[in-house]
Amino acid sequence: MGDAYVRFFNEGYISKENFFNFGLKETIYAPYDKAEIEWNFLKNRIYGNEKVFIRGFGRDANGTHLFQALYKKLLSNHNVRKDSTNNAEPAKLIRSLTGYSKTQSSKFESIRNYQISHIFGRTKNVFAFTAPWNIVYMPKMLDPFTGHEAKGEMIDEYTLLFQRQGYHRFEKLIDEFNEIMINPNFKEKVNEVLYSFHSNETYSIKELKKLEEAINKEFSPIIVNQY
């Protein structure tokens, strides 16, 4: 099978190892102390029925209402909003925490050719979409190595390195996220809400099937192979 990335590195312009090391070294993270404070703010907003955000769900975001209904019952939060651009809130957050901006600003230092990326995905999970430990600036040339469209062993290799580095930086905060996701009471309540949806004629079987599939992915704990 022909692989454009393999062909590029085989030309000898730069080794795969050097390219990967560059991407990891140049990734910009929120400082840990600021990330910890913001993470606690986020949890308080979620549990306090304050405005929080997720990325749109489904084609043209037409299934977002399912997650919003879920969070109303699951967390008693009636203020879960769809991000206006699917990245506006993460962009605002990483800008304020790092002091860097992709656009010209008198308040922040400008950077170019960086992409905002979610290290661990889970963008429909209200605890993860604007979690400071999940959002970084990464060199745009490396972004395809962590995106959904690229495939192959090399993509898997870089994604693992990228996620390992993120986990090492924010291990305590990510473990707190995992504790929420695996808490038996939380999981039981998710199942109860889904059961109540099935008895509600408002939602179609097709909609609920997609929601259940998404929940299994979005609410899974973050497990990174460390070896």
# chains A, B, ... in the order shown; residues from 1 in each chain; ligands from 1
>>> residues_around(residues="A:Phe177", least_positions_apart="2", cutoff="12 Å", atoms="only C-alpha atoms", output="VMD selection string")
chain A and resid 36 39 to 40 42 to 43 120 122 125 to 129 131 to 134 167 170 to 175 179 to 183 186 218 to 223
>>> residues_around(residues="stretch 136-145 of chain A", least_positions_apart="5", cutoff="10 Å", atoms="only C-alpha atoms", output="VMD selection string")
chain A and resid 5 19 to 20 22 to 30 90 to 91 93 to 95 98 100 to 102 111 to 119 150 to 152 154 to 159 162 166
>>> select_by_dssp(residues="stretch 123-207 of chain A", states="helix (DSSP H, G or I)", output="mmCIF file with N, CA and C atoms, in the first residue's frame")
data_model
loop_
_atom_site.group_PDB
_atom_site.id
_atom_site.type_symbol
_atom_site.label_atom_id
_atom_site.label_comp_id
_atom_site.auth_asym_id
_atom_site.auth_seq_id
_atom_site.Cartn_x
_atom_site.Cartn_y
_atom_site.Cartn_z
ATOM 1 N N PRO A 132 -9.005 22.143 30.302
ATOM 2 C CA PRO A 132 -7.708 22.724 29.931
ATOM 3 C C PRO A 132 -6.622 21.694 29.694
ATOM 4 N N TRP A 133 -6.769 20.503 30.254
ATOM 5 C CA TRP A 133 -5.782 19.442 30.043
ATOM 6 C C TRP A 133 -5.976 18.738 28.696
ATOM 7 N N ASN A 134 -7.049 19.069 28.006
ATOM 8 C CA ASN A 134 -7.376 18.390 26.749
ATOM 9 C C ASN A 134 -7.105 19.265 25.523
ATOM 10 N N LYS A 140 0.751 23.146 12.910
ATOM 11 C CA LYS A 140 -0.273 22.727 11.961
ATOM 12 C C LYS A 140 0.174 21.559 11.091
ATOM 13 N N MET A 141 1.485 21.491 10.814
ATOM 14 C CA MET A 141 1.968 20.405 9.964
ATOM 15 C C MET A 141 1.824 19.040 10.622
ATOM 16 N N LEU A 142 1.682 19.005 11.969
ATOM 17 C CA LEU A 142 1.501 17.740 12.682
ATOM 18 C C LEU A 142 0.040 17.413 12.919
ATOM 19 N N ASP A 143 -0.842 18.378 12.714
ATOM 20 C CA ASP A 143 -2.259 18.150 13.020
ATOM 21 C C ASP A 143 -2.853 16.963 12.267
ATOM 22 N N PRO A 144 -2.484 16.737 10.991
ATOM 23 C CA PRO A 144 -3.046 15.561 10.305
ATOM 24 C C PRO A 144 -2.701 14.232 10.977
ATOM 25 N N PHE A 145 -1.638 14.224 11.791
ATOM 26 C CA PHE A 145 -1.243 12.972 12.440
ATOM 27 C C PHE A 145 -2.130 12.633 13.637
ATOM 28 N N GLU A 153 -0.144 3.088 10.441
ATOM 29 C CA GLU A 153 0.680 2.826 11.622
ATOM 30 C C GLU A 153 1.406 4.079 12.101
ATOM 31 N N MET A 154 1.861 4.903 11.157
ATOM 32 C CA MET A 154 2.582 6.113 11.543
ATOM 33 C C MET A 154 1.671 7.085 12.292
ATOM 34 N N ILE A 155 0.420 7.148 11.873
ATOM 35 C CA ILE A 155 -0.557 8.003 12.553
ATOM 36 C C ILE A 155 -0.779 7.493 13.974
ATOM 37 N N ASP A 156 -0.940 6.184 14.104
ATOM 38 C CA ASP A 156 -1.137 5.580 15.423
ATOM 39 C C ASP A 156 0.077 5.832 16.320
ATOM 40 N N GLU A 157 1.261 5.770 15.733
ATOM 41 C CA GLU A 157 2.487 5.962 16.512
ATOM 42 C C GLU A 157 2.568 7.376 17.068
ATOM 43 N N TYR A 158 2.302 8.361 16.216
ATOM 44 C CA TYR A 158 2.396 9.747 16.706
ATOM 45 C C TYR A 158 1.275 10.061 17.692
ATOM 46 N N THR A 159 0.074 9.577 17.410
ATOM 47 C CA THR A 159 -1.045 9.818 18.325
ATOM 48 C C THR A 159 -0.724 9.295 19.718
ATOM 49 N N LEU A 160 -0.109 8.117 19.797
ATOM 50 C CA LEU A 160 0.248 7.552 21.091
ATOM 51 C C LEU A 160 1.275 8.427 21.795
ATOM 52 N N LEU A 161 2.298 8.875 21.074
ATOM 53 C CA LEU A 161 3.320 9.740 21.667
ATOM 54 C C LEU A 161 2.703 11.052 22.158
ATOM 55 N N PHE A 162 1.828 11.601 21.343
ATOM 56 C CA PHE A 162 1.149 12.857 21.655
ATOM 57 C C PHE A 162 0.282 12.715 22.908
ATOM 58 N N GLN A 163 -0.468 11.629 22.991
ATOM 59 C CA GLN A 163 -1.333 11.419 24.141
ATOM 60 C C GLN A 163 -0.533 11.083 25.400
ATOM 61 N N ARG A 164 0.545 10.335 25.249
ATOM 62 C CA ARG A 164 1.405 10.052 26.399
ATOM 63 C C ARG A 164 1.941 11.353 27.000
ATOM 64 N N GLN A 165 2.406 12.237 26.132
ATOM 65 C CA GLN A 165 2.971 13.490 26.626
ATOM 66 C C GLN A 165 1.917 14.313 27.356
ATOM 67 N N GLY A 166 0.712 14.367 26.786
ATOM 68 C CA GLY A 166 -0.367 15.106 27.434
ATOM 69 C C GLY A 166 -0.749 14.494 28.770
ATOM 70 N N TYR A 167 -0.798 13.168 28.815
ATOM 71 C CA TYR A 167 -1.155 12.497 30.063
ATOM 72 C C TYR A 167 -0.097 12.738 31.137
ATOM 73 N N HIS A 168 1.184 12.687 30.760
ATOM 74 C CA HIS A 168 2.257 12.910 31.730
ATOM 75 C C HIS A 168 2.184 14.318 32.319
ATOM 76 N N ARG A 169 1.785 15.281 31.514
ATOM 77 C CA ARG A 169 1.710 16.661 31.989
ATOM 78 C C ARG A 169 0.539 16.875 32.950
ATOM 79 N N GLU A 171 -1.519 14.331 34.499
ATOM 80 C CA GLU A 171 -1.973 13.031 34.997
ATOM 81 C C GLU A 171 -3.025 13.150 36.089
ATOM 82 N N LYS A 172 -2.779 13.975 37.084
ATOM 83 C CA LYS A 172 -3.713 14.094 38.215
ATOM 84 C C LYS A 172 -5.088 14.572 37.747
ATOM 85 N N LEU A 173 -5.122 15.557 36.868
ATOM 86 C CA LEU A 173 -6.394 16.108 36.407
ATOM 87 C C LEU A 173 -7.147 15.108 35.525
ATOM 88 N N ILE A 174 -6.413 14.401 34.687
ATOM 89 C CA ILE A 174 -7.040 13.392 33.823
ATOM 90 C C ILE A 174 -7.554 12.225 34.661
ATOM 91 N N ASP A 175 -6.821 11.863 35.702
ATOM 92 C CA ASP A 175 -7.297 10.793 36.588
ATOM 93 C C ASP A 175 -8.594 11.203 37.286
ATOM 94 N N GLU A 176 -8.724 12.490 37.603
ATOM 95 C CA GLU A 176 -9.970 12.975 38.199
ATOM 96 C C GLU A 176 -11.125 12.845 37.207
ATOM 97 N N PHE A 177 -10.867 13.152 35.946
ATOM 98 C CA PHE A 177 -11.873 12.957 34.903
ATOM 99 C C PHE A 177 -12.275 11.483 34.832
ATOM 100 N N ASN A 178 -11.273 10.608 34.844
ATOM 101 C CA ASN A 178 -11.553 9.165 34.765
ATOM 102 C C ASN A 178 -12.397 8.693 35.938
ATOM 103 N N GLU A 179 -12.118 9.232 37.112
ATOM 104 C CA GLU A 179 -12.883 8.838 38.297
ATOM 105 C C GLU A 179 -14.365 9.180 38.130
ATOM 106 N N ILE A 180 -14.643 10.311 37.483
ATOM 107 C CA ILE A 180 -16.036 10.680 37.230
ATOM 108 C C ILE A 180 -16.673 9.688 36.259
ATOM 109 N N MET A 181 -15.932 9.359 35.196
ATOM 110 C CA MET A 181 -16.480 8.509 34.147
ATOM 111 C C MET A 181 -16.734 7.075 34.624
ATOM 112 N N ILE A 182 -15.892 6.561 35.524
ATOM 113 C CA ILE A 182 -16.035 5.168 35.953
ATOM 114 C C ILE A 182 -16.808 5.026 37.254
ATOM 115 N N PRO A 184 -19.526 4.241 39.622
ATOM 116 C CA PRO A 184 -20.720 3.398 39.400
ATOM 117 C C PRO A 184 -22.018 4.187 39.409
ATOM 118 N N ASN A 185 -22.123 5.199 40.273
ATOM 119 C CA ASN A 185 -23.345 5.996 40.334
ATOM 120 C C ASN A 185 -23.558 6.788 39.046
ATOM 121 N N PHE A 186 -22.456 7.323 38.506
ATOM 122 C CA PHE A 186 -22.528 8.076 37.258
ATOM 123 C C PHE A 186 -22.972 7.163 36.117
ATOM 124 N N LYS A 187 -22.341 6.003 36.017
ATOM 125 C CA LYS A 187 -22.664 5.066 34.933
ATOM 126 C C LYS A 187 -24.102 4.565 35.057
ATOM 127 N N GLU A 188 -24.533 4.315 36.288
ATOM 128 C CA GLU A 188 -25.898 3.837 36.498
ATOM 129 C C GLU A 188 -26.914 4.905 36.095
ATOM 130 N N LYS A 189 -26.595 6.148 36.403
ATOM 131 C CA LYS A 189 -27.529 7.222 36.055
ATOM 132 C C LYS A 189 -27.587 7.432 34.543
ATOM 133 N N VAL A 190 -26.434 7.272 33.857
ATOM 134 C CA VAL A 190 -26.437 7.356 32.394
ATOM 135 C C VAL A 190 -27.393 6.315 31.821
ATOM 136 N N ASN A 191 -27.309 5.097 32.337
ATOM 137 C CA ASN A 191 -28.177 4.020 31.856
ATOM 138 C C ASN A 191 -29.648 4.307 32.157
ATOM 139 N N GLU A 192 -29.912 4.889 33.322
ATOM 140 C CA GLU A 192 -31.281 5.229 33.682
ATOM 141 C C GLU A 192 -31.856 6.279 32.736
ATOM 142 N N VAL A 193 -31.030 7.270 32.406
ATOM 143 C CA VAL A 193 -31.493 8.318 31.490
ATOM 144 C C VAL A 193 -31.765 7.740 30.108
ATOM 145 N N LEU A 194 -30.873 6.890 29.636
ATOM 146 C CA LEU A 194 -31.083 6.261 28.329
ATOM 147 C C LEU A 194 -32.359 5.417 28.310
ATOM 148 N N TYR A 195 -32.594 4.723 29.407
ATOM 149 C CA TYR A 195 -33.812 3.902 29.508
ATOM 150 C C TYR A 195 -35.054 4.793 29.438
ATOM 151 N N SER A 196 -34.996 5.933 30.115
ATOM 152 C CA SER A 196 -36.148 6.846 30.091
ATOM 153 C C SER A 196 -36.364 7.419 28.691
ATOM 154 N N PHE A 197 -35.283 7.611 27.953
ATOM 155 C CA PHE A 197 -35.407 8.119 26.581
ATOM 156 C C PHE A 197 -36.120 7.107 25.683
ATOM 157 N N HIS A 198 -35.858 5.825 25.919
ATOM 158 C CA HIS A 198 -36.454 4.784 25.083
ATOM 159 C C HIS A 198 -37.976 4.718 25.267
ATOM 160 N N ILE A 205 -35.742 5.505 17.410
ATOM 161 C CA ILE A 205 -34.808 4.413 17.706
ATOM 162 C C ILE A 205 -33.453 4.699 17.080
ATOM 163 N N LYS A 206 -33.455 5.248 15.872
ATOM 164 C CA LYS A 206 -32.211 5.571 15.173
ATOM 165 C C LYS A 206 -31.416 6.620 15.937
ATOM 166 N N GLU A 207 -32.099 7.645 16.417
ATOM 167 C CA GLU A 207 -31.435 8.705 17.188
ATOM 168 C C GLU A 207 -30.808 8.125 18.455
#
>>> select_by_dssp(residues="stretch 23-189 of chain A", states="strand (DSSP E)", output="VMD selection string")
chain A and resid 52 to 54 80 to 82 100 to 101 109 to 110 114 to 118 135 to 139
>>> residues_around(residues="stretch 69-84 of chain A", least_positions_apart="2", cutoff="8 Å", atoms="only C-alpha atoms", output="list in words")
Ile46, Tyr47, Gly48, Asn49, Glu50, Lys51, Val52, Phe53, Ile54, Arg55, Gly56, Thr64, His65, Leu66, Phe67, Asn86, Asn87, Ala88, Glu89, Val126, Lys189, Val190, Val193 and Leu194 of chain A
>>> write_last_selection(atoms="C-alpha atoms", output="short mmCIF file (atom, residue, chain, number, x, y, z; two decimals), in the first residue's frame")
data_model
loop_
_atom_site.label_atom_id
_atom_site.label_comp_id
_atom_site.auth_asym_id
_atom_site.auth_seq_id
_atom_site.Cartn_x
_atom_site.Cartn_y
_atom_site.Cartn_z
CA ILE A 46 -21.18 21.86 35.29
CA TYR A 47 -22.54 20.83 38.68
CA GLY A 48 -23.82 24.34 39.39
CA ASN A 49 -26.14 24.44 36.35
CA GLU A 50 -24.06 27.21 34.77
CA LYS A 51 -23.32 27.71 31.07
CA VAL A 52 -20.92 25.14 29.63
CA PHE A 53 -20.21 23.93 26.11
CA ILE A 54 -19.94 20.87 23.88
CA ARG A 55 -19.27 20.38 20.18
CA GLY A 56 -22.28 19.76 17.96
CA THR A 64 -26.96 18.02 19.72
CA HIS A 65 -30.32 18.23 21.47
CA LEU A 66 -29.90 14.57 22.52
CA PHE A 67 -26.78 15.31 24.53
CA ASN A 86 -17.23 23.93 17.27
CA ASN A 87 -13.96 25.44 18.51
CA ALA A 88 -14.68 28.97 19.74
CA GLU A 89 -14.67 28.15 23.47
CA VAL A 126 -19.10 18.31 28.80
CA LYS A 189 -27.53 7.22 36.05
CA VAL A 190 -26.44 7.36 32.39
CA VAL A 193 -31.49 8.32 31.49
CA LEU A 194 -31.08 6.26 28.33
#
